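One file, data.csv, is given below (CSV, C-alpha atoms and all ligand atoms).
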chain,number,residue,atom,x,y,z
A,69,MET,CA,11.9,-43.2,-16.5
A,70,PRO,CA,14.0,-43.9,-19.6
A,71,ALA,CA,14.5,-40.9,-21.7
A,72,ASP,CA,13.0,-42.4,-24.9
A,73,ARG,CA,9.6,-43.2,-23.4
A,74,PRO,CA,6.9,-40.6,-23.8
A,75,VAL,CA,5.7,-39.2,-20.5
A,76,PRO,CA,1.9,-39.6,-20.3
A,77,ASN,CA,-0.4,-36.7,-19.9
A,78,ARG,CA,-1.2,-35.6,-16.4
A,79,PRO,CA,-4.0,-33.1,-16.7
A,80,GLU,CA,-3.9,-32.2,-12.9
A,81,GLN,CA,-0.4,-30.8,-13.4
A,82,ASN,CA,-1.6,-28.2,-15.8
A,83,ARG,CA,-2.9,-26.1,-13.0
A,84,LYS,CA,0.6,-25.6,-11.8
A,85,GLY,CA,3.2,-23.1,-12.9
A,86,LEU,CA,2.5,-20.0,-14.9
A,87,PRO,CA,-1.1,-19.1,-15.5
A,88,SER,CA,-2.7,-19.9,-18.8
A,89,ASP,CA,-4.4,-17.1,-20.7
A,90,HIS,CA,-7.8,-18.8,-20.9
A,91,SER,CA,-7.4,-22.3,-19.6
A,92,SER,CA,-11.1,-22.8,-18.9
A,93,GLN,CA,-12.3,-22.7,-22.5
A,94,GLN,CA,-14.6,-25.4,-23.8
A,95,ARG,CA,-13.5,-27.4,-26.7
A,96,PRO,CA,-16.0,-27.4,-29.6
A,97,THR,CA,-17.2,-30.6,-31.3
A,98,THR,CA,-16.6,-30.8,-35.0
A,99,ALA,CA,-20.3,-31.7,-35.4
A,100,ALA,CA,-21.3,-28.2,-34.3
A,101,ALA,CA,-19.4,-26.6,-37.1
A,102,PRO,CA,-19.4,-28.9,-40.1
A,103,ASP,CA,-18.2,-26.3,-42.6
A,104,LEU,CA,-14.9,-25.8,-40.8
A,105,LEU,CA,-11.7,-27.4,-41.6
A,106,GLU,CA,-10.1,-29.8,-39.2
A,107,VAL,CA,-6.5,-29.4,-38.3
A,108,ALA,CA,-6.2,-32.8,-36.8
A,109,THR,CA,-8.8,-35.5,-36.1
A,110,LEU,CA,-8.0,-36.2,-32.5
A,111,THR,CA,-5.7,-34.8,-29.9
A,112,ALA,CA,-3.1,-37.0,-28.2
A,113,ASP,CA,-5.5,-37.5,-25.3
A,114,GLY,CA,-8.5,-38.4,-27.6
A,115,ALA,CA,-10.3,-35.0,-27.2
A,116,PRO,CA,-12.0,-33.4,-30.2
A,117,ALA,CA,-9.5,-31.7,-32.5
A,118,GLU,CA,-9.0,-28.0,-32.9
A,119,ILE,CA,-10.8,-26.4,-35.8
A,120,TYR,CA,-9.8,-23.3,-37.8
A,121,GLY,CA,-11.4,-22.1,-41.0
A,122,PRO,CA,-13.4,-19.2,-42.5
A,123,GLU,CA,-15.7,-19.2,-39.5
A,124,THR,CA,-12.7,-18.4,-37.3
A,125,LEU,CA,-12.0,-15.3,-39.3
A,126,ALA,CA,-15.7,-14.2,-39.1
A,127,ARG,CA,-15.6,-14.6,-35.3
A,128,LEU,CA,-12.5,-12.4,-35.0
A,129,ARG,CA,-14.3,-9.4,-36.2
A,130,ARG,CA,-15.9,-8.8,-32.8
A,131,GLU,CA,-12.5,-8.4,-31.1
A,132,VAL,CA,-10.1,-7.2,-33.8
A,133,VAL,CA,-10.4,-4.0,-36.0
A,134,GLY,CA,-9.1,-4.6,-39.5
A,135,ARG,CA,-6.1,-6.9,-39.9
A,136,SER,CA,-7.9,-9.2,-42.3
A,137,ARG,CA,-4.8,-10.1,-44.3
A,138,GLU,CA,-2.7,-10.7,-41.2
A,139,ALA,CA,-5.5,-12.8,-39.6
A,140,GLU,CA,-5.8,-14.9,-42.7
A,141,LEU,CA,-2.1,-15.6,-42.7
A,142,VAL,CA,-1.9,-16.5,-39.0
A,143,VAL,CA,-4.9,-18.8,-39.3
A,144,ALA,CA,-3.6,-20.4,-42.4
A,145,SER,CA,-0.2,-21.0,-40.7
A,146,LEU,CA,-2.0,-22.6,-37.7
A,147,MET,CA,-4.1,-24.8,-40.1
A,148,ALA,CA,-0.9,-25.8,-41.9
A,149,GLY,CA,0.8,-26.8,-38.7
A,150,ARG,CA,3.5,-24.1,-39.1
A,151,HIS,CA,5.1,-22.1,-36.3
A,152,LEU,CA,5.0,-18.3,-36.6
A,153,LEU,CA,6.8,-15.0,-35.8
A,154,LEU,CA,4.7,-11.8,-35.5
A,155,GLU,CA,7.0,-8.9,-35.9
A,156,GLY,CA,6.1,-5.2,-35.4
A,157,PRO,CA,6.4,-2.2,-33.2
A,158,PRO,CA,4.7,-2.2,-29.7
A,159,GLY,CA,1.0,-1.8,-29.6
A,160,THR,CA,0.3,-2.9,-33.2
A,161,GLY,CA,-2.1,-5.6,-32.0
A,162,LYS,CA,0.1,-8.7,-32.2
A,163,SER,CA,-1.2,-10.1,-28.9
A,164,THR,CA,-4.7,-8.9,-29.6
A,165,LEU,CA,-4.8,-10.7,-32.9
A,166,LEU,CA,-3.4,-14.0,-31.6
A,167,ARG,CA,-5.6,-14.0,-28.5
A,168,ALA,CA,-8.7,-13.4,-30.6
A,169,ILE,CA,-7.6,-16.2,-33.0
A,170,SER,CA,-7.1,-18.6,-30.1
A,171,HIS,CA,-10.6,-17.6,-28.7
A,172,ALA,CA,-12.2,-18.0,-32.1
A,173,GLY,CA,-10.5,-21.3,-32.8
A,174,HIS,CA,-11.2,-22.6,-29.2
A,175,GLN,CA,-7.5,-23.4,-28.8
A,176,GLU,CA,-6.0,-22.5,-25.4
A,177,MET,CA,-2.9,-20.4,-25.3
A,178,GLU,CA,0.1,-20.3,-23.0
A,179,PHE,CA,1.2,-16.7,-22.7
A,180,VAL,CA,4.9,-16.2,-21.8
A,181,GLU,CA,6.7,-12.8,-21.5
A,182,GLY,CA,10.1,-13.1,-23.0
A,183,ASN,CA,13.0,-11.5,-20.9
A,184,ALA,CA,16.6,-12.2,-19.9
A,185,GLU,CA,15.3,-14.2,-16.8
A,186,LEU,CA,13.4,-16.7,-18.9
A,187,THR,CA,15.5,-19.8,-18.2
A,188,PRO,CA,14.9,-23.2,-19.8
A,189,ALA,CA,13.5,-24.3,-16.4
A,190,ARG,CA,11.0,-21.4,-16.3
A,191,LEU,CA,9.9,-22.2,-19.8
A,192,ALA,CA,9.8,-26.0,-19.8
A,193,GLY,CA,9.2,-26.8,-16.1
A,194,HIS,CA,11.3,-28.0,-13.1
A,195,PHE,CA,11.6,-30.6,-10.4
A,196,ASP,CA,10.2,-29.2,-7.1
A,197,PRO,CA,13.5,-28.8,-5.0
A,198,ALA,CA,11.8,-29.5,-1.6
A,199,GLN,CA,10.1,-32.7,-2.9
A,200,VAL,CA,13.3,-33.8,-4.7
A,201,MET,CA,15.1,-33.7,-1.3
A,202,GLU,CA,12.5,-36.0,0.2
A,203,ALA,CA,11.6,-38.3,-2.6
A,204,GLY,CA,14.3,-37.9,-5.2
A,205,TYR,CA,13.8,-37.2,-8.9
A,206,SER,CA,10.6,-38.6,-10.2
A,207,GLU,CA,7.7,-37.7,-12.5
A,208,ALA,CA,5.6,-37.0,-9.4
A,209,VAL,CA,7.7,-34.0,-8.3
A,210,TRP,CA,7.9,-32.5,-11.8
A,211,VAL,CA,6.1,-29.2,-12.2
A,212,ASP,CA,5.1,-28.4,-15.8
A,213,GLY,CA,6.1,-25.0,-17.3
A,214,PRO,CA,4.2,-23.4,-20.1
A,215,LEU,CA,6.1,-25.1,-22.8
A,216,VAL,CA,5.4,-28.6,-21.5
A,217,ARG,CA,1.7,-27.7,-20.8
A,218,ALA,CA,1.4,-26.4,-24.4
A,219,LEU,CA,3.1,-29.6,-25.8
A,220,ARG,CA,1.0,-32.0,-23.9
A,221,ASP,CA,-2.4,-30.2,-24.2
A,222,GLY,CA,-2.0,-29.0,-27.8
A,223,ARG,CA,-2.1,-25.3,-26.9
A,224,ILE,CA,-0.5,-22.3,-28.6
A,225,LEU,CA,2.7,-21.3,-26.9
A,226,TYR,CA,2.8,-17.5,-27.3
A,227,LEU,CA,6.2,-16.1,-26.5
A,228,GLU,CA,6.4,-12.3,-26.5
A,229,GLU,CA,9.6,-10.4,-27.0
A,230,ILE,CA,11.5,-13.4,-28.2
A,231,ASN,CA,14.6,-11.3,-28.9
A,232,ARG,CA,15.1,-10.7,-25.2
A,233,VAL,CA,15.2,-14.5,-24.4
A,234,PRO,CA,18.6,-16.1,-23.6
A,235,GLU,CA,20.1,-18.3,-26.3
A,236,GLU,CA,19.9,-21.6,-24.2
A,237,THR,CA,16.2,-21.1,-23.8
A,238,LEU,CA,15.8,-20.5,-27.5
A,239,ASN,CA,17.7,-23.7,-28.2
A,240,LEU,CA,14.9,-25.6,-26.5
A,241,LEU,CA,12.4,-24.1,-28.8
A,242,VAL,CA,14.5,-25.0,-31.9
A,243,THR,CA,14.6,-28.6,-30.7
A,244,VAL,CA,10.8,-28.6,-30.2
A,245,MET,CA,10.1,-27.1,-33.6
A,246,SER,CA,12.5,-29.5,-35.3
A,247,GLU,CA,11.7,-32.7,-33.5
A,248,GLY,CA,8.1,-32.2,-32.3
A,249,GLU,CA,9.2,-33.4,-28.8
A,250,LEU,CA,11.3,-32.4,-25.9
A,251,THR,CA,13.5,-34.7,-23.9
A,252,ILE,CA,13.9,-33.7,-20.2
A,253,PRO,CA,16.8,-35.3,-18.2
A,254,ARG,CA,15.4,-37.5,-15.4
A,255,LEU,CA,11.8,-37.0,-16.7
A,256,GLY,CA,11.8,-38.4,-20.2
A,257,ARG,CA,10.3,-37.5,-23.6
A,258,VAL,CA,7.4,-35.1,-23.9
A,259,GLU,CA,5.7,-35.5,-27.3
A,260,ALA,CA,4.0,-32.6,-28.9
A,261,SER,CA,0.3,-33.0,-29.4
A,262,PRO,CA,-0.7,-32.5,-33.1
A,263,ARG,CA,-2.3,-29.2,-32.2
A,264,PHE,CA,0.8,-27.7,-30.5
A,265,ARG,CA,1.9,-24.5,-32.2
A,266,PHE,CA,4.6,-22.0,-31.3
A,267,VAL,CA,4.0,-18.3,-32.0
A,268,ALA,CA,6.6,-15.7,-31.1
A,269,ALA,CA,6.4,-12.0,-31.2
A,270,MET,CA,9.0,-9.3,-31.3
A,271,ASN,CA,9.4,-5.6,-31.7
A,272,PRO,CA,12.1,-4.6,-34.2
A,273,PHE,CA,12.5,-1.0,-32.9
A,274,ASP,CA,13.4,-1.5,-29.2
A,275,ALA,CA,17.1,-2.3,-29.3
A,276,VAL,CA,17.7,-2.0,-25.6
A,277,GLY,CA,18.2,-5.5,-24.1
A,278,THR,CA,17.4,-7.2,-27.4
A,279,ALA,CA,19.5,-9.5,-29.5
A,280,ARG,CA,19.1,-10.7,-33.1
A,281,ILE,CA,17.4,-14.0,-33.0
A,282,SER,CA,19.3,-16.8,-34.7
A,283,GLY,CA,18.9,-18.0,-38.3
A,284,ALA,CA,17.9,-21.3,-36.8
A,285,ILE,CA,14.7,-19.8,-35.4
A,286,TYR,CA,14.0,-17.7,-38.5
A,287,ASP,CA,14.4,-20.8,-40.6
A,288,ARG,CA,11.7,-22.6,-38.7
A,289,VAL,CA,9.0,-20.0,-38.6
A,290,CYS,CA,6.8,-18.1,-41.0
A,291,ARG,CA,6.9,-14.4,-40.4
A,292,VAL,CA,3.9,-12.0,-40.5
A,293,ALA,CA,4.8,-8.3,-40.2
A,294,MET,CA,2.5,-6.1,-38.3
A,295,GLY,CA,2.8,-2.3,-39.0
A,296,TYR,CA,0.8,0.6,-37.7
A,297,GLN,CA,-2.9,0.5,-38.9
A,298,SER,CA,-4.6,3.2,-40.9
A,299,ASP,CA,-6.0,6.4,-39.4
A,300,ALA,CA,-9.6,5.1,-39.6
A,301,GLU,CA,-8.8,1.8,-38.0
A,302,GLU,CA,-6.9,3.4,-35.1
A,303,VAL,CA,-9.9,5.7,-34.5
A,304,ASP,CA,-12.1,2.5,-34.5
A,305,ILE,CA,-9.7,0.9,-32.0
A,306,ALA,CA,-9.7,3.9,-29.7
A,307,ALA,CA,-13.5,4.2,-30.0
A,308,MET,CA,-14.0,0.7,-28.8
A,309,THR,CA,-12.7,1.9,-25.4
A,310,SER,CA,-14.2,5.4,-25.2
A,311,ASP,CA,-17.7,7.0,-25.2
A,312,LEU,CA,-16.3,10.5,-26.0
A,313,PRO,CA,-17.5,12.2,-29.3
A,314,ARG,CA,-16.1,10.7,-32.4
A,315,ASP,CA,-14.6,14.0,-33.6
A,316,HIS,CA,-12.6,14.3,-30.3
A,317,ILE,CA,-11.4,10.7,-30.6
A,318,ASP,CA,-10.4,11.5,-34.1
A,319,LYS,CA,-8.2,14.4,-33.0
A,320,VAL,CA,-6.6,12.4,-30.2
A,321,VAL,CA,-5.6,9.7,-32.7
A,322,GLN,CA,-4.2,12.3,-35.0
A,323,VAL,CA,-2.0,13.7,-32.2
A,324,VAL,CA,-0.8,10.2,-31.4
A,325,ARG,CA,-0.1,9.4,-35.1
A,326,ALA,CA,1.7,12.7,-35.5
A,327,THR,CA,4.2,11.7,-32.7
A,328,ARG,CA,5.4,9.0,-35.2
A,329,ASP,CA,6.2,11.5,-37.9
A,330,HIS,CA,7.7,14.3,-35.9
A,331,SER,CA,11.2,15.1,-37.0
A,332,GLU,CA,12.5,15.3,-33.5
A,333,VAL,CA,10.9,12.0,-32.4
A,334,ARG,CA,12.7,8.7,-32.8
A,335,VAL,CA,9.9,6.4,-31.6
A,336,GLY,CA,6.3,7.7,-31.5
A,337,SER,CA,3.4,6.4,-29.5
A,338,SER,CA,1.2,3.4,-30.4
A,339,VAL,CA,-2.6,3.5,-30.3
A,340,ARG,CA,-2.2,2.6,-26.6
A,341,GLY,CA,-1.3,6.3,-26.1
A,342,ALA,CA,-4.7,7.3,-27.5
A,343,VAL,CA,-6.5,4.7,-25.4
A,344,ASP,CA,-4.9,6.0,-22.2
A,345,LEU,CA,-5.3,9.6,-23.1
A,346,LEU,CA,-9.1,9.1,-23.6
A,347,ALA,CA,-9.5,7.1,-20.4
A,348,LEU,CA,-7.6,9.7,-18.4
A,349,SER,CA,-9.7,12.5,-20.0
A,350,ASN,CA,-12.9,11.2,-18.6
A,351,ASP,CA,-11.6,10.9,-15.0
A,352,LEU,CA,-9.6,14.1,-15.0
A,353,GLY,CA,-12.7,15.9,-16.4
A,354,ALA,CA,-14.8,14.4,-13.6
A,355,LEU,CA,-12.2,15.4,-10.9
A,356,ARG,CA,-12.1,19.0,-12.2
A,357,GLY,CA,-15.8,19.2,-13.0
A,358,GLN,CA,-15.1,20.0,-16.6
A,359,PRO,CA,-15.9,18.3,-19.9
A,360,ALA,CA,-13.5,15.6,-20.9
A,361,THR,CA,-13.1,17.3,-24.2
A,362,ASP,CA,-11.8,20.6,-22.7
A,363,PHE,CA,-8.6,21.8,-24.2
A,364,HIS,CA,-6.5,21.8,-21.0
A,365,ILE,CA,-8.0,18.5,-19.7
A,366,GLY,CA,-6.9,17.0,-23.1
A,367,LEU,CA,-3.5,18.6,-23.0
A,368,ASP,CA,-2.8,17.5,-19.4
A,369,CYS,CA,-3.9,14.0,-20.3
A,370,ALA,CA,-1.8,14.1,-23.5
A,371,LEU,CA,1.2,15.0,-21.5
A,372,ALA,CA,0.6,12.1,-19.1
A,373,ALA,CA,-0.2,9.6,-21.8
A,374,LEU,CA,2.4,10.5,-24.4
A,375,SER,CA,5.4,12.2,-22.9
A,376,GLY,CA,6.8,9.0,-21.5
A,377,ARG,CA,5.9,7.0,-24.6
A,378,ILE,CA,7.8,9.0,-27.1
A,379,ARG,CA,11.6,8.8,-27.4
A,380,LEU,CA,13.4,11.8,-29.0
A,381,HIS,CA,16.5,11.9,-31.2
A,382,GLU,CA,19.6,12.6,-29.2
A,383,SER,CA,20.3,15.7,-31.3
A,384,THR,CA,17.2,17.5,-30.2
A,385,ASN,CA,17.0,20.2,-27.5
A,386,ALA,CA,13.3,19.9,-27.2
A,387,THR,CA,11.6,18.0,-24.3
A,388,PRO,CA,8.9,15.4,-24.8
A,389,GLU,CA,6.5,17.8,-23.0
A,390,GLU,CA,7.2,20.6,-25.5
A,391,ILE,CA,6.6,18.3,-28.4
A,392,VAL,CA,3.4,16.9,-27.1
A,393,THR,CA,2.1,20.4,-26.3
A,394,GLU,CA,3.1,21.5,-29.8
A,395,LEU,CA,1.2,18.7,-31.5
A,396,TRP,CA,-1.8,19.0,-29.2
A,397,THR,CA,-2.1,22.7,-30.0
A,398,SER,CA,-1.6,22.4,-33.7
A,399,ILE,CA,-4.1,19.6,-34.1
A,400,VAL,CA,-6.8,20.3,-31.5
A,401,GLY,CA,-6.6,24.1,-32.0
A,402,ALA,CA,-5.3,27.1,-30.1
A,403,PRO,CA,-6.1,27.2,-26.4
A,404,PRO,CA,-9.0,29.5,-25.3
A,405,ASP,CA,-7.8,33.1,-25.0
A,406,GLU,CA,-7.1,33.5,-21.3
A,407,THR,CA,-7.3,37.3,-21.6
A,408,THR,CA,-11.0,37.2,-22.5
A,409,GLY,CA,-11.6,35.8,-19.0
A,410,ASP,CA,-12.5,32.2,-20.2
A,411,ALA,CA,-11.1,30.8,-17.0
A,412,SER,CA,-13.4,27.8,-17.0
A,413,SER,CA,-11.2,26.0,-19.5
A,414,ASP,CA,-7.9,26.9,-18.0
A,415,PRO,CA,-8.1,26.5,-14.2
A,416,ALA,CA,-4.4,25.8,-13.9
A,417,GLY,CA,-3.5,28.8,-16.1
A,418,LYS,CA,-1.3,26.7,-18.4
A,419,ALA,CA,-0.7,27.6,-22.0
A,420,PRO,CA,1.4,25.8,-24.5
A,421,SER,CA,5.1,26.4,-23.9
A,422,ARG,CA,6.0,26.2,-27.6
A,423,PRO,CA,4.5,27.8,-30.7
A,424,ALA,CA,1.9,25.6,-32.4
A,425,ALA,CA,3.6,24.1,-35.4
A,426,ALA,CA,3.6,20.4,-35.9
A,427,ARG,CA,6.9,19.4,-37.6
A,428,THR,CA,6.0,16.5,-39.7
A,501,LIG,N1,-6.5,-4.4,-34.5
A,501,LIG,C1,-6.9,-4.1,-33.3
A,501,LIG,N2,-8.1,-4.4,-32.9
A,501,LIG,C2,-8.5,-4.1,-31.6
A,501,LIG,N3,-7.7,-3.6,-30.7
A,501,LIG,C3,-6.5,-3.4,-31.0
A,501,LIG,C4,-6.0,-3.6,-32.3
A,501,LIG,N4,-4.6,-3.3,-32.4
A,501,LIG,C5,-4.3,-2.9,-31.1
A,501,LIG,N5,-5.4,-2.9,-30.3
A,501,LIG,C6,-5.5,-2.5,-28.9
A,501,LIG,O1,-4.2,-1.8,-28.7
A,501,LIG,C7,-3.6,-2.2,-27.5
A,501,LIG,C8,-2.2,-2.8,-27.8
A,501,LIG,O2,-2.4,-4.0,-28.6
A,501,LIG,P1,-1.5,-5.3,-28.3
A,501,LIG,O3,-1.2,-5.5,-26.8
A,501,LIG,O4,-2.2,-6.4,-29.0
A,501,LIG,O5,-0.2,-4.9,-29.1
A,501,LIG,P2,1.2,-5.7,-29.2
A,501,LIG,O6,1.6,-5.6,-30.7
A,501,LIG,O7,1.0,-7.1,-28.7
A,501,LIG,O8,2.2,-4.9,-28.4
A,501,LIG,P3,3.6,-5.3,-27.7
A,501,LIG,O9,4.6,-5.5,-28.8
A,501,LIG,O10,3.9,-4.2,-26.8
A,501,LIG,O11,3.4,-6.6,-26.9
A,501,LIG,C9,-4.5,-3.2,-26.9
A,501,LIG,O12,-5.3,-2.5,-25.9
A,501,LIG,C10,-5.5,-3.6,-27.9
A,501,LIG,O13,-6.8,-3.8,-27.4
A,502,MG,MG,2.0,-8.0,-27.1
Mind turning this structure into structure tokens?
Ligand SMILES: Nc1ncnc2c1ncn2[C@@H]1O[C@H](COP(=O)(O)OP(=O)(O)OP(=O)(O)O)[C@@H](O)[C@H]1O
Ligand SMILES: [Mg+2]
Amino acid sequence: MPADRPVPNRPEQNRKGLPSDHSSQQRPTTAAAPDLLEVATLTADGAPAEIYGPETLARLRREVVGRSREAELVVASLMAGRHLLLEGPPGTGKSTLLRAISHAGHQEMEFVEGNAELTPARLAGHFDPAQVMEAGYSEAVWVDGPLVRALRDGRILYLEEINRVPEETLNLLVTVMSEGELTIPRLGRVEASPRFRFVAAMNPFDAVGTARISGAIYDRVCRVAMGYQSDAEEVDIAAMTSDLPRDHIDKVVQVVRATRDHSEVRVGSSVRGAVDLLALSNDLGALRGQPATDFHIGLDCALAALSGRIRLHESTNATPEEIVTELWTSIVGAPPDETTGDASSDPAGKAPSRPAAART
């Protein structure tokens, strides 16, 4: 096929390649939501257009705690047909926010994990080598990758960790953002549906294996920064996942947040640490036949959930276990006094190995 002729849509091919995040969503009709703003009237294949508007933001509330301003900016960018970069530390809800927006806007999303192995062929698609041997290069032996699926079907292409992706793969995306189409040798031109959007995410703190993304990318995207949320919002996020008493969840979140301010800690834990700590507490409590809120159950779970998540300054002599123990003791309270015979709360006979003093 000549390179300048658009390749027609082939819906059956969209089931191939990497899995889509929620490829079975129904598209809404614009008649069902007359107060919403249309992004485009019809898609390339004549289906009803995507809709985003105030109602999208209202629907997000069920899945996303807080983040009103960021949600407005992301939705406005999608409405305006802009591509986007979400930048923030791990666990700050970048994927959660975008997934919820795509649900709320009934726009399907192609989720791609960025890493050094994400070649142009893995992102765009490839010719099936076995079939090429038999039948030669043709459209019939082409397998769509997530980028081509997103372009054809007007989906959001969500690329996590863009700063781990090789330069030649990023160049494809620059072309797509500039030209609104992709030309694939021996296949032809794939035009972007009017609904296609590219959203990248990256984590500014994790320098290992990352590179600075080029000015060419920065110049083609709008950027929304996502920092850590407030204390109350993080408690609400953790409480979405746990039935434990609110005051216990509150303390767990305080411990997790304190890891971010500790003078010996370079990178603290995200709210994921609190979610894991609470989940573990229930099951460890059940295994030991003790309350999930027991001091030592909590401490053991804090050690399991947080000691691997925090990264210490090279200059410190402390271990992650010592720092987690110190924070747990200072925030949750001193351990039960073992000399009084309160063995029920300390079956393993463990006591904090460092004096209780949070260094914040
Ligand atoms: N605002 C929020 N509302 C509801 N849940 C949230 C929110 N922020 C974070 N979470 C929860 O915290 C966890 C981490 O969030 P998420 O995966 O979206 O972070 P991320 O910024 O994409 O992280 P990474 O940079 O590692 O990909 C998820 O379990 C998610 O449910
Ligand atoms: Mg993510």
*Name all residues at most 7 Å from stretch 361-368 of chain A (count all atoms listed in the file; drop same-chain ones fewer than 4 positions away) and give them as a ChimeraX atom specification.*
/A:316,349,352-353,372,393,396,403,413-414
Writing out the chosen residues with C-alpha atoms as a tab-separated table (two decimals), in the coordinates of the input:
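That gives us again-v1.tsv:
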chain	number	residue	atom	x	y	z
A	316	HIS	CA	-12.60	14.30	-30.30
A	349	SER	CA	-9.70	12.50	-20.00
A	352	LEU	CA	-9.60	14.10	-15.00
A	353	GLY	CA	-12.70	15.90	-16.40
A	372	ALA	CA	0.60	12.10	-19.10
A	393	THR	CA	2.10	20.40	-26.30
A	396	TRP	CA	-1.80	19.00	-29.20
A	403	PRO	CA	-6.10	27.20	-26.40
A	413	SER	CA	-11.20	26.00	-19.50
A	414	ASP	CA	-7.90	26.90	-18.00
_One-decimal distance in Å that lies between atom CA of A:Pro214 and atom CA of A:Pro262_ = 16.6 Å
*May I ask which of the residues A:Glu302, A:Glu249, A:Asp311, A:Glu178 is the closest one to A:Val267, counting all atoms listed in the file?*
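That would be A:Glu178, the residue with the smallest distance to A:Val267.
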*Mind listing the residues within 8 Å of ligand LIG 501 (chain A), only C-alpha atoms and all ligand atoms counted, as a PyMOL selection string?*
chain A and resi 131-135+156-165+228-229+269-271+294+297+301-302+305-306+308+338-340+343
*asked:* I'd like the contact shell of A:His194 - 7 Å cut-off, all atoms listed in the file, skipping same-chain residues fewer than 6 positions apart - returned as a list in words.
replied: Trp210, Val211 and Asp212 of chain A
*Residue among A:Gly193, A:Arg217, A:Gly204, A:Ala268 lying closest to ligand MG 502 (chain A), counting only C-alpha atoms and all ligand atoms*: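 The shortest atom-to-atom distance to ligand MG 502 (chain A) comes from A:Ala268.
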_Å distance separating atom CA of A:Ala184 from atom CA of A:Val335, one decimal place_ =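 Rounded to one decimal, the two atoms are 23.0 Å apart.
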*Work out how far apart atom CA of A:Pro122 and atom CA of A:Val244 are and give it in Å to one decimal.*
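Taking atom CA of A:Pro122 as the start and atom CA of A:Val244 as the end point, the length is 28.7 Å.
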Could you name the residues that touch A:His171 at 10 Å or less, counting only C-alpha atoms, but leaving out those on the same chain fewer than 5 positions away, as an mmCIF file with C-alpha atoms, keeping the file's coordinate frame?
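Output (out-v9.cif):
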data_model
loop_
_atom_site.group_PDB
_atom_site.id
_atom_site.type_symbol
_atom_site.label_atom_id
_atom_site.label_comp_id
_atom_site.auth_asym_id
_atom_site.auth_seq_id
_atom_site.Cartn_x
_atom_site.Cartn_y
_atom_site.Cartn_z
ATOM 1 C CA HIS A 90 -7.800 -18.800 -20.900
ATOM 2 C CA GLN A 93 -12.300 -22.700 -22.500
ATOM 3 C CA THR A 124 -12.700 -18.400 -37.300
ATOM 4 C CA ARG A 127 -15.600 -14.600 -35.300
ATOM 5 C CA LEU A 128 -12.500 -12.400 -35.000
ATOM 6 C CA GLU A 131 -12.500 -8.400 -31.100
ATOM 7 C CA LEU A 165 -4.800 -10.700 -32.900
ATOM 8 C CA LEU A 166 -3.400 -14.000 -31.600
ATOM 9 C CA GLU A 176 -6.000 -22.500 -25.400
ATOM 10 C CA MET A 177 -2.900 -20.400 -25.300
#
*Looking at A:Val180, A:Arg150, A:Glu123, A:Thr243, which one is nearest to ligand MG 502 (chain A), with distances taken over all atoms listed in the file?*
A:Val180
*With only C-alpha atoms as the basis for distance, which of A:Gly222, A:Val400, A:Ala189, A:Leu241 is at the shortest distance from A:Ser170?*
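Once distances to A:Ser170 are computed over only C-alpha atoms, the minimum belongs to A:Gly222.
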*asked:* Would you pick out the contacts of stretch 279-291 of chain A at 10 Å or less, using all atoms listed in the file, so that residues sharing its chain but fewer than 5 positions from it are not included, and give the list as JSON, numbers by chain?
replied: {"A": [141, 142, 145, 150, 151, 152, 153, 154, 155, 230, 231, 232, 233, 234, 235, 238, 239, 241, 242, 243, 245, 246, 266, 267, 268, 269, 270, 272]}
*Smallest atom-to-atom distance to ligand MG 502 (chain A): which of A:Gly341, A:Gly182, A:Gly121, A:Pro359, using all atoms listed in the file?*
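Checking each candidate against ligand MG 502 (chain A), we get A:Gly182 as the closest.
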_Best match for closeness to ligand MG 502 (chain A) among A:Leu227, A:Leu346, A:Val324, A:Ala386, counting only C-alpha atoms and all ligand atoms_ =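 Distance minimum relative to ligand MG 502 (chain A) lands on A:Leu227.
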*Within 7 Å of A:Glu259 using all atoms listed in the file, minus same-chain residues under 3 positions, as a PyMOL selection string*: chain A and resi 74+219-220+248-250
Would you mind completing stretch 218-224 of chain A to N, CA and C atoms and writing the output as an mmCIF file, keeping the file's coordinate frame?
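Resulting contents of result-v3.cif:
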data_model
loop_
_atom_site.group_PDB
_atom_site.id
_atom_site.type_symbol
_atom_site.label_atom_id
_atom_site.label_comp_id
_atom_site.auth_asym_id
_atom_site.auth_seq_id
_atom_site.Cartn_x
_atom_site.Cartn_y
_atom_site.Cartn_z
ATOM 1 N N ALA A 218 1.856 -26.663 -23.036
ATOM 2 C CA ALA A 218 1.400 -26.400 -24.400
ATOM 3 C C ALA A 218 1.643 -27.688 -25.273
ATOM 4 N N LEU A 219 2.794 -28.349 -25.058
ATOM 5 C CA LEU A 219 3.100 -29.600 -25.800
ATOM 6 C C LEU A 219 2.091 -30.660 -25.528
ATOM 7 N N ARG A 220 1.872 -30.912 -24.251
ATOM 8 C CA ARG A 220 1.000 -32.000 -23.900
ATOM 9 C C ARG A 220 -0.456 -31.783 -24.275
ATOM 10 N N ASP A 221 -0.932 -30.519 -24.049
ATOM 11 C CA ASP A 221 -2.400 -30.200 -24.200
ATOM 12 C C ASP A 221 -2.694 -29.652 -25.594
ATOM 13 N N GLY A 222 -1.698 -29.544 -26.448
ATOM 14 C CA GLY A 222 -2.000 -29.000 -27.800
ATOM 15 C C GLY A 222 -2.404 -27.576 -27.775
ATOM 16 N N ARG A 223 -1.737 -26.760 -26.970
ATOM 17 C CA ARG A 223 -2.100 -25.300 -26.900
ATOM 18 C C ARG A 223 -1.121 -24.544 -27.821
ATOM 19 N N ILE A 224 -1.446 -23.265 -27.980
ATOM 20 C CA ILE A 224 -0.500 -22.300 -28.600
ATOM 21 C C ILE A 224 0.431 -21.834 -27.547
#
